[in-house]
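This is entry.cif (mmCIF, C-alpha atoms).
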data_final
#
loop_
_atom_site.label_atom_id
_atom_site.label_comp_id
_atom_site.auth_asym_id
_atom_site.auth_seq_id
_atom_site.Cartn_x
_atom_site.Cartn_y
_atom_site.Cartn_z
CA MET A 213 -121.56 11.16 -4.77
CA ASP A 214 -119.97 13.19 -1.99
CA SER A 215 -119.66 16.64 -3.58
CA THR A 216 -117.12 17.81 -0.99
CA LEU A 217 -114.84 14.87 -1.73
CA ILE A 218 -115.20 15.42 -5.49
CA LYS A 219 -114.27 19.10 -5.11
CA GLY A 220 -111.24 18.17 -3.03
CA LEU A 221 -110.04 15.59 -5.55
CA THR A 222 -110.65 17.98 -8.46
CA LEU A 223 -108.63 20.67 -6.71
CA LEU A 224 -105.84 18.20 -5.95
CA GLU A 225 -105.74 16.99 -9.57
CA HIS A 226 -105.57 20.59 -10.82
CA LEU A 227 -102.68 21.41 -8.50
CA ALA A 228 -100.87 18.21 -9.44
CA GLY A 229 -101.13 19.11 -13.13
CA SER A 230 -99.99 22.72 -12.64
CA ASP A 231 -96.47 23.74 -13.58
CA ALA A 232 -96.32 26.28 -10.73
CA PRO A 233 -97.99 26.91 -7.35
CA ARG A 234 -101.50 28.44 -7.58
CA GLY A 235 -103.33 30.99 -5.46
CA VAL A 236 -106.87 30.79 -4.10
CA SER A 237 -108.38 33.26 -6.59
CA GLU A 238 -106.72 31.57 -9.54
CA LEU A 239 -107.96 28.15 -8.45
CA ALA A 240 -111.47 29.45 -7.82
CA ARG A 241 -111.68 30.86 -11.35
CA ALA A 242 -110.22 27.74 -12.97
CA LEU A 243 -112.57 25.37 -11.14
CA ASN A 244 -115.64 27.61 -11.01
CA LEU A 245 -115.75 27.51 -7.22
CA THR A 246 -116.06 30.23 -4.60
CA LYS A 247 -112.88 31.48 -2.99
CA SER A 248 -114.14 30.50 0.45
CA ASN A 249 -114.80 26.97 -0.77
CA VAL A 250 -111.35 26.70 -2.34
CA HIS A 251 -109.68 28.11 0.78
CA ARG A 252 -111.50 25.70 3.08
CA THR A 253 -110.67 22.73 0.84
CA LEU A 254 -107.03 23.76 0.63
CA GLN A 255 -106.77 23.94 4.41
CA THR A 256 -108.12 20.40 4.65
CA LEU A 257 -105.59 19.18 2.08
CA VAL A 258 -102.79 20.97 3.92
CA ALA A 259 -103.84 19.34 7.19
CA ALA A 260 -103.88 15.93 5.46
CA GLY A 261 -100.38 16.49 4.11
CA TYR A 262 -101.25 16.50 0.39
CA VAL A 263 -100.72 20.24 -0.16
CA HIS A 264 -98.37 22.82 1.34
CA ALA A 265 -98.87 26.57 1.58
CA ASN A 266 -96.16 28.92 0.32
CA PRO A 267 -95.35 32.24 2.05
CA GLY A 268 -96.77 34.19 -0.90
CA GLY A 269 -100.25 32.72 -0.49
CA THR A 270 -99.92 30.06 -3.17
CA TYR A 271 -100.31 26.31 -2.84
CA ALA A 272 -98.61 23.26 -4.34
CA CYS A 273 -98.80 19.49 -3.98
CA THR A 274 -96.45 17.68 -1.63
CA LEU A 275 -94.69 14.39 -2.36
CA LYS A 276 -97.44 12.52 -0.52
CA LEU A 277 -99.14 11.96 -3.88
CA PHE A 278 -95.98 10.26 -5.07
CA GLU A 279 -95.91 8.11 -1.94
CA LEU A 280 -99.55 7.18 -2.50
CA ALA A 281 -99.00 6.20 -6.12
CA SER A 282 -95.68 4.40 -5.68
CA PRO A 283 -97.09 1.10 -4.37
CA VAL A 284 -99.57 0.98 -7.26
CA VAL A 285 -96.80 1.60 -9.79
CA ALA A 286 -94.62 -0.95 -8.03
CA ARG A 287 -97.31 -3.60 -8.40
CA ILE A 288 -97.47 -3.02 -12.13
CA ASP A 289 -93.67 -3.10 -12.39
CA VAL A 290 -93.45 -6.26 -10.31
CA ARG A 291 -95.77 -8.15 -12.64
CA GLN A 292 -93.85 -7.09 -15.74
CA VAL A 293 -90.44 -7.81 -14.26
CA ALA A 294 -91.52 -11.06 -12.59
CA GLU A 295 -92.59 -12.93 -15.73
CA PRO A 296 -89.20 -14.45 -16.69
CA PHE A 297 -88.40 -15.41 -13.09
CA MET A 298 -91.79 -17.06 -12.74
CA ARG A 299 -91.20 -19.04 -15.93
CA VAL A 300 -87.84 -20.28 -14.70
CA LEU A 301 -89.42 -21.31 -11.41
CA ALA A 302 -92.21 -23.08 -13.28
CA GLU A 303 -89.66 -24.99 -15.33
CA GLN A 304 -87.72 -25.97 -12.20
CA THR A 305 -90.70 -27.14 -10.17
CA GLN A 306 -93.39 -28.06 -12.74
CA GLU A 307 -95.94 -26.56 -10.32
CA THR A 308 -98.29 -23.56 -10.47
CA ILE A 309 -96.44 -20.30 -9.84
CA HIS A 310 -98.10 -17.32 -8.17
CA LEU A 311 -97.14 -13.68 -7.77
CA SER A 312 -99.21 -12.25 -4.93
CA LEU A 313 -99.63 -9.02 -3.02
CA LEU A 314 -101.29 -8.13 0.28
CA ASP A 315 -104.61 -6.27 0.58
CA ARG A 316 -105.50 -5.82 4.24
CA ALA A 317 -105.66 -9.41 5.52
CA ASP A 318 -106.06 -11.07 2.10
CA VAL A 319 -103.68 -11.95 -0.67
CA ILE A 320 -104.55 -11.13 -4.26
CA TYR A 321 -103.08 -13.21 -7.06
CA LEU A 322 -101.48 -10.65 -9.33
CA HIS A 323 -100.09 -13.12 -11.87
CA LYS A 324 -99.77 -16.89 -12.30
CA ILE A 325 -98.27 -19.55 -14.52
CA GLU A 326 -100.18 -22.81 -14.66
CA SER A 327 -98.53 -26.13 -13.91
CA PRO A 328 -98.24 -28.46 -16.91
CA GLN A 329 -99.34 -31.32 -14.67
CA PRO A 330 -102.85 -32.72 -15.29
CA VAL A 331 -103.66 -32.36 -11.57
CA ARG A 332 -102.81 -28.92 -10.26
CA ALA A 333 -103.84 -26.23 -7.77
CA TYR A 334 -106.73 -24.06 -8.92
CA SER A 335 -106.60 -20.28 -8.62
CA SER A 336 -107.35 -17.25 -10.77
CA ILE A 337 -105.60 -13.94 -11.39
CA GLY A 338 -107.37 -11.34 -9.28
CA GLY A 339 -108.60 -14.02 -6.89
CA ARG A 340 -108.25 -13.70 -3.14
CA ALA A 341 -107.36 -15.96 -0.25
CA PRO A 342 -107.00 -15.36 3.51
CA ALA A 343 -103.37 -14.38 3.97
CA TYR A 344 -102.91 -16.47 7.11
CA CYS A 345 -103.91 -19.65 5.23
CA VAL A 346 -101.55 -19.57 2.23
CA ALA A 347 -97.78 -19.48 1.83
CA SER A 348 -97.60 -16.21 -0.10
CA GLY A 349 -99.89 -14.55 2.45
CA LYS A 350 -97.77 -15.69 5.38
CA ALA A 351 -94.60 -14.52 3.61
CA LEU A 352 -96.18 -11.07 3.19
CA LEU A 353 -97.63 -10.92 6.71
CA ALA A 354 -94.21 -11.73 8.14
CA TYR A 355 -92.90 -8.41 6.80
CA GLN A 356 -96.11 -6.33 6.93
CA GLU A 357 -97.29 -7.12 10.43
CA GLU A 358 -99.53 -4.05 10.54
CA ALA A 359 -101.97 -6.13 8.48
CA LEU A 360 -102.46 -8.41 11.48
CA ALA A 361 -104.63 -5.66 12.98
CA HIS A 362 -107.34 -6.76 10.54
CA LEU A 363 -107.44 -10.27 12.04
CA PRO A 364 -109.32 -11.43 15.16
CA GLU A 365 -107.62 -13.32 17.97
CA THR A 366 -109.48 -16.49 16.97
CA LEU A 367 -109.08 -17.23 13.26
CA SER A 368 -111.67 -18.84 10.98
CA LEU A 369 -110.85 -22.47 10.23
CA HIS A 370 -110.99 -23.45 6.55
CA THR A 371 -109.45 -26.92 6.97
CA PRO A 372 -108.32 -28.96 9.99
CA ARG A 373 -104.79 -27.63 9.34
CA THR A 374 -105.69 -23.91 9.46
CA ILE A 375 -103.79 -21.95 12.12
CA PRO A 376 -106.48 -21.37 14.78
CA THR A 377 -105.25 -18.30 16.68
CA LEU A 378 -103.45 -15.04 16.07
CA ASP A 379 -100.88 -15.94 18.72
CA LEU A 380 -99.92 -19.13 16.88
CA LEU A 381 -99.81 -17.21 13.61
CA ARG A 382 -97.36 -14.69 15.09
CA ARG A 383 -95.10 -17.56 16.15
CA GLU A 384 -95.13 -19.02 12.66
CA LEU A 385 -94.41 -15.62 11.10
CA GLU A 386 -91.33 -15.35 13.30
CA GLN A 387 -90.17 -18.68 11.89
CA VAL A 388 -90.85 -17.38 8.37
CA ARG A 389 -88.53 -14.44 9.03
CA ILE A 390 -85.84 -16.77 10.36
CA GLN A 391 -85.85 -19.24 7.46
CA GLY A 392 -86.78 -16.80 4.69
CA PHE A 393 -89.84 -18.59 3.28
CA ALA A 394 -93.37 -19.62 4.25
CA VAL A 395 -95.25 -22.89 3.86
CA ASN A 396 -98.92 -23.77 3.39
CA ARG A 397 -99.68 -27.31 4.57
CA GLY A 398 -103.23 -27.53 3.24
CA GLU A 399 -104.54 -24.70 5.43
CA TRP A 400 -106.76 -23.02 2.82
CA ARG A 401 -107.84 -25.96 0.67
CA GLU A 402 -107.46 -29.54 1.80
CA GLY A 403 -104.87 -31.39 -0.24
CA VAL A 404 -103.26 -28.22 -1.64
CA CYS A 405 -99.85 -27.11 -0.33
CA GLY A 406 -97.49 -24.28 -1.19
CA LEU A 407 -94.21 -22.50 -0.58
CA ALA A 408 -93.44 -18.77 -1.02
CA ALA A 409 -90.82 -16.11 -0.33
CA ILE A 410 -90.95 -12.33 -0.08
CA VAL A 411 -89.99 -9.89 -2.86
CA HIS A 412 -88.52 -6.45 -2.07
CA ASP A 413 -88.38 -3.31 -4.18
CA ALA A 414 -85.48 -0.86 -4.51
CA MET A 415 -86.41 0.80 -1.20
CA GLY A 416 -86.39 -2.52 0.65
CA ARG A 417 -90.17 -2.61 0.94
CA PRO A 418 -91.94 -5.99 0.78
CA VAL A 419 -94.05 -5.52 -2.34
CA ALA A 420 -95.03 -9.06 -3.33
CA ALA A 421 -94.48 -12.75 -2.74
CA ILE A 422 -93.55 -15.38 -5.30
CA GLY A 423 -94.33 -19.01 -4.71
CA ILE A 424 -95.49 -22.40 -5.86
CA SER A 425 -98.61 -24.41 -5.11
CA GLY A 426 -99.78 -27.90 -5.96
CA PRO A 427 -101.36 -31.10 -4.69
CA ALA A 428 -100.15 -32.30 -1.30
CA ASP A 429 -99.07 -35.66 -2.66
CA ARG A 430 -96.52 -33.91 -4.91
CA LEU A 431 -95.66 -31.03 -2.57
CA ASN A 432 -95.01 -33.29 0.41
CA PRO A 433 -92.48 -32.25 3.12
CA THR A 434 -89.60 -33.75 1.12
CA ALA A 435 -90.54 -31.82 -2.03
CA LEU A 436 -91.07 -28.62 -0.07
CA ARG A 437 -87.57 -28.93 1.41
CA ARG A 438 -86.18 -29.57 -2.08
CA PHE A 439 -87.94 -26.56 -3.61
CA SER A 440 -87.38 -24.07 -0.78
CA ASP A 441 -83.98 -23.00 -2.12
CA VAL A 442 -85.19 -22.41 -5.68
CA VAL A 443 -88.20 -20.38 -4.47
CA VAL A 444 -86.00 -18.23 -2.23
CA ASP A 445 -83.51 -17.79 -5.10
CA ALA A 446 -86.34 -16.71 -7.43
CA ALA A 447 -87.54 -14.15 -4.88
CA ARG A 448 -84.00 -12.79 -4.43
CA SER A 449 -83.40 -12.60 -8.17
CA LEU A 450 -86.68 -10.77 -8.73
CA SER A 451 -85.88 -8.39 -5.87
CA ARG A 452 -82.51 -7.59 -7.42
CA ALA A 453 -84.20 -6.99 -10.79
CA LEU A 454 -86.45 -4.47 -9.03
CA GLY A 455 -83.36 -2.66 -7.73
CA TYR A 456 -83.17 -4.18 -4.27
CA ASN A 457 -79.69 -4.08 -2.73
CA PRO A 458 -79.67 -5.50 0.82
CA ILE A 459 -76.28 -3.93 1.56
CA THR A 460 -77.44 -0.43 0.61
CA VAL A 461 -80.80 -0.72 2.35
CA SER A 462 -79.36 -2.29 5.50
CA SER A 463 -77.05 0.73 5.95
CA HIS A 464 -80.12 2.63 7.22
CA PRO A 465 -80.38 2.80 11.01
CA ALA A 466 -83.92 1.36 11.23
CA PRO A 467 -84.21 -2.25 12.45
CA ARG A 468 -84.42 -4.89 9.75
CA HIS A 469 -87.80 -6.09 10.93
CA ALA A 470 -89.28 -2.58 10.86
CA ARG A 471 -88.17 -2.13 7.28
CA GLY A 472 -89.53 -5.50 6.20
CA LEU A 473 -86.13 -6.90 5.27
CA ALA A 474 -85.87 -10.65 5.01
CA PRO A 475 -83.04 -12.24 6.94
CA GLU A 476 -80.85 -14.77 5.22
CA PRO A 477 -82.50 -18.19 5.47
CA ALA A 478 -80.85 -20.22 8.20
CA SER A 479 -81.46 -23.54 6.49
CA ALA A 480 -83.94 -25.13 4.14
CA THR A 481 -86.15 -26.66 6.79
CA VAL A 482 -89.91 -26.86 6.48
CA VAL A 483 -91.78 -25.91 9.64
#
Any chance you could give the structure as structure tokens?
Amino acid sequence: MDSTLIKGLTLLEHLAGSDAPRGVSELARALNLTKSNVHRTLQTLVAAGYVHANPGGTYACTLKLFELASPVVARIDVRQVAEPFMRVLAEQTQETIHLSLLDRADVIYLHKIESPQPVRAYSSIGGRAPAYCVASGKALLAYQEEALAHLPETLSLHTPRTIPTLDLLRRELEQVRIQGFAVNRGEWREGVCGLAAIVHDAMGRPVAAIGISGPADRLNPTALRRFSDVVVDAARSLSRALGYNPITVSSHPAPRHARGLAPEPASATVV
């Protein structure tokens, strides 16, 4: 293990658990470290934004720890809150329902409800898929474009329908933002299609995507058009349950796209 990193994390945990700011000598005694070691570690944490120095020579944690933990907490909350909305969507569509989140350029399936149909799309909770190949991934990438930095200009092809280049992917993500949902036309697994929409938290951040997947013969273009409204409605309802208020959030001066806010779908067309 990296002893310097461990010392820094131990110091940060001690400060986070303290009910008042602490000085160098006090921290050194509590953690059995030298004062020079504590001082050097504190300066690093201050420079990284996790700790601030008070005029009296004491130190305390900043809110950066809260910012770091918030997405993790949000993921847990999303799964708990999403269950009833996923069940309604499963009842409406009779297809497999996924709740997904973005990890770099992959989606992770946070939760799922299996289709009652004998033939259905296979996936597993905790499983991954390339975000640019699946509907939930494209819905998330459309509002977290910084993740595109993890992708090359020429994309790996998983089926003949996989989007081949980053430029073409960007064009499709623009369409996702316009219509409010994303479509998978068999781009990850041949014969498996899907439809997904973005979920926002109370701060307007895109925290997850909710969607359906199933065999292409059931989720054909006609079915995808029919289900697009119910998927978008499920995503909106879940967002509201998480505290999302588009009127409140849109009063901020930042552009909608920069904040990851989904526009109102123009129409239920499948691109």
Write out as an mmCIF file with C-alpha atoms, keeping the file's coordinate frame which residues come within 9 Å of stretch 260-272 of chain A when counting only C-alpha atoms, dropping same-chain ones fewer than 6 positions away.
data_model
loop_
_atom_site.group_PDB
_atom_site.id
_atom_site.type_symbol
_atom_site.label_atom_id
_atom_site.label_comp_id
_atom_site.auth_asym_id
_atom_site.auth_seq_id
_atom_site.Cartn_x
_atom_site.Cartn_y
_atom_site.Cartn_z
ATOM 1 C CA LEU A 224 -105.840 18.200 -5.950
ATOM 2 C CA LEU A 227 -102.680 21.410 -8.500
ATOM 3 C CA ALA A 228 -100.870 18.210 -9.440
ATOM 4 C CA SER A 230 -99.990 22.720 -12.640
ATOM 5 C CA ALA A 232 -96.320 26.280 -10.730
ATOM 6 C CA PRO A 233 -97.990 26.910 -7.350
ATOM 7 C CA ARG A 234 -101.500 28.440 -7.580
ATOM 8 C CA GLY A 235 -103.330 30.990 -5.460
ATOM 9 C CA VAL A 236 -106.870 30.790 -4.100
ATOM 10 C CA LEU A 254 -107.030 23.760 0.630
#
Care to translate the PyMOL selection byres ((chain A and resi 223) around 9) into actual residues of this file, as a VMD selection string? chain A and resid 218 to 222 224 to 228 239 243 250 253 to 254
Which residue is closest to A:Phe439? Choose from A:Ser336, A:Gln306, A:Ser312, A:Ser248 and count only C-alpha atoms. A:Gln306
Could you tell me how far atom CA of A:Thr377 lies from atom CA of A:Pro364, in Å and to one decimal?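 Computing it gives 8.1 Å between the two atoms.
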To test the calculation: enclose all listed atoms of stretch 258-277 of chain A in a box whose edges run along x, y and z, add 5 Å on each side, then state centre and edge lengths in Å to one decimal, as AutoDock Vina command-line options.
--center_x -99.3 --center_y 23.1 --center_z 1.4 --size_x 19.2 --size_y 32.2 --size_z 21.5
Which residues, written as a PyMOL selection string, have at least one atom at most 6 Å from A:Val395, with only C-alpha atoms counted and residues fewer than 4 positions away on the same chain left out? chain A and resi 347+406-407
Have a look at A:Pro376, A:Leu311, A:Asn432, A:Glu303 and name the one nearest to A:Arg291; count only C-alpha atoms. A:Leu311
Output check: residues returned by the PyMOL selection byres ((chain A and resi 344) around 9), as a CSV table (one decimal) with C-alpha atoms, in the frame of the given file:
chain,number,residue,atom,x,y,z
A,317,ALA,CA,-105.7,-9.4,5.5
A,318,ASP,CA,-106.1,-11.1,2.1
A,341,ALA,CA,-107.4,-16.0,-0.2
A,342,PRO,CA,-107.0,-15.4,3.5
A,343,ALA,CA,-103.4,-14.4,4.0
A,345,CYS,CA,-103.9,-19.6,5.2
A,346,VAL,CA,-101.6,-19.6,2.2
A,347,ALA,CA,-97.8,-19.5,1.8
A,348,SER,CA,-97.6,-16.2,-0.1
A,349,GLY,CA,-99.9,-14.6,2.4
A,350,LYS,CA,-97.8,-15.7,5.4
A,353,LEU,CA,-97.6,-10.9,6.7
A,367,LEU,CA,-109.1,-17.2,13.3
A,374,THR,CA,-105.7,-23.9,9.5
A,375,ILE,CA,-103.8,-22.0,12.1
A,381,LEU,CA,-99.8,-17.2,13.6
A,399,GLU,CA,-104.5,-24.7,5.4
A,400,TRP,CA,-106.8,-23.0,2.8
With all atoms listed in the file as the basis for distance, which of A:Ala333, A:Ala446, A:Ala409, A:Leu322 is at the shortest distance from A:Asp289?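 Result for the nearest residue to A:Asp289: A:Leu322.
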Quick check, in Å to one decimal: how far apart do atom CA of A:Ala420 and atom CA of A:Arg438 lie? 22.4 Å
Atomic distance atom CA of A:Met415 - atom CA of A:Pro458, expressed in Å with one decimal: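 Result for atom CA of A:Met415 versus atom CA of A:Pro458: 9.4 Å, one decimal.
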For A:Pro418, list every protein, DNA or RNA residue within 10 Å, evaluated using only C-alpha atoms, and leave out those in the same chain fewer than 2 positions away; present the list as a VMD selection string. chain A and resid 313 to 314 351 to 356 410 to 416 420 to 421 451 471 to 474
Which residue of A:Leu454, A:Leu385, A:Gly398, A:Ala408 approaches A:Gln292 most closely, using all atoms listed in the file: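 With all atoms listed in the file as the atom set, the closest residue is A:Leu454.
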Exactly which residues make up the result of the PyMOL selection byres ((chain A and resi 450) around 10) on this file, given as a VMD selection string? chain A and resid 290 293 to 298 410 to 413 422 444 to 449 451 to 456
A:Pro427: which residues within 7 Å, counting all atoms listed in the file, same-chain residues fewer than 5 positions away excluded, as a list in words?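 My reading of the contact set: Arg332, Ala333, Gly403, Val404 and Cys405 of chain A.
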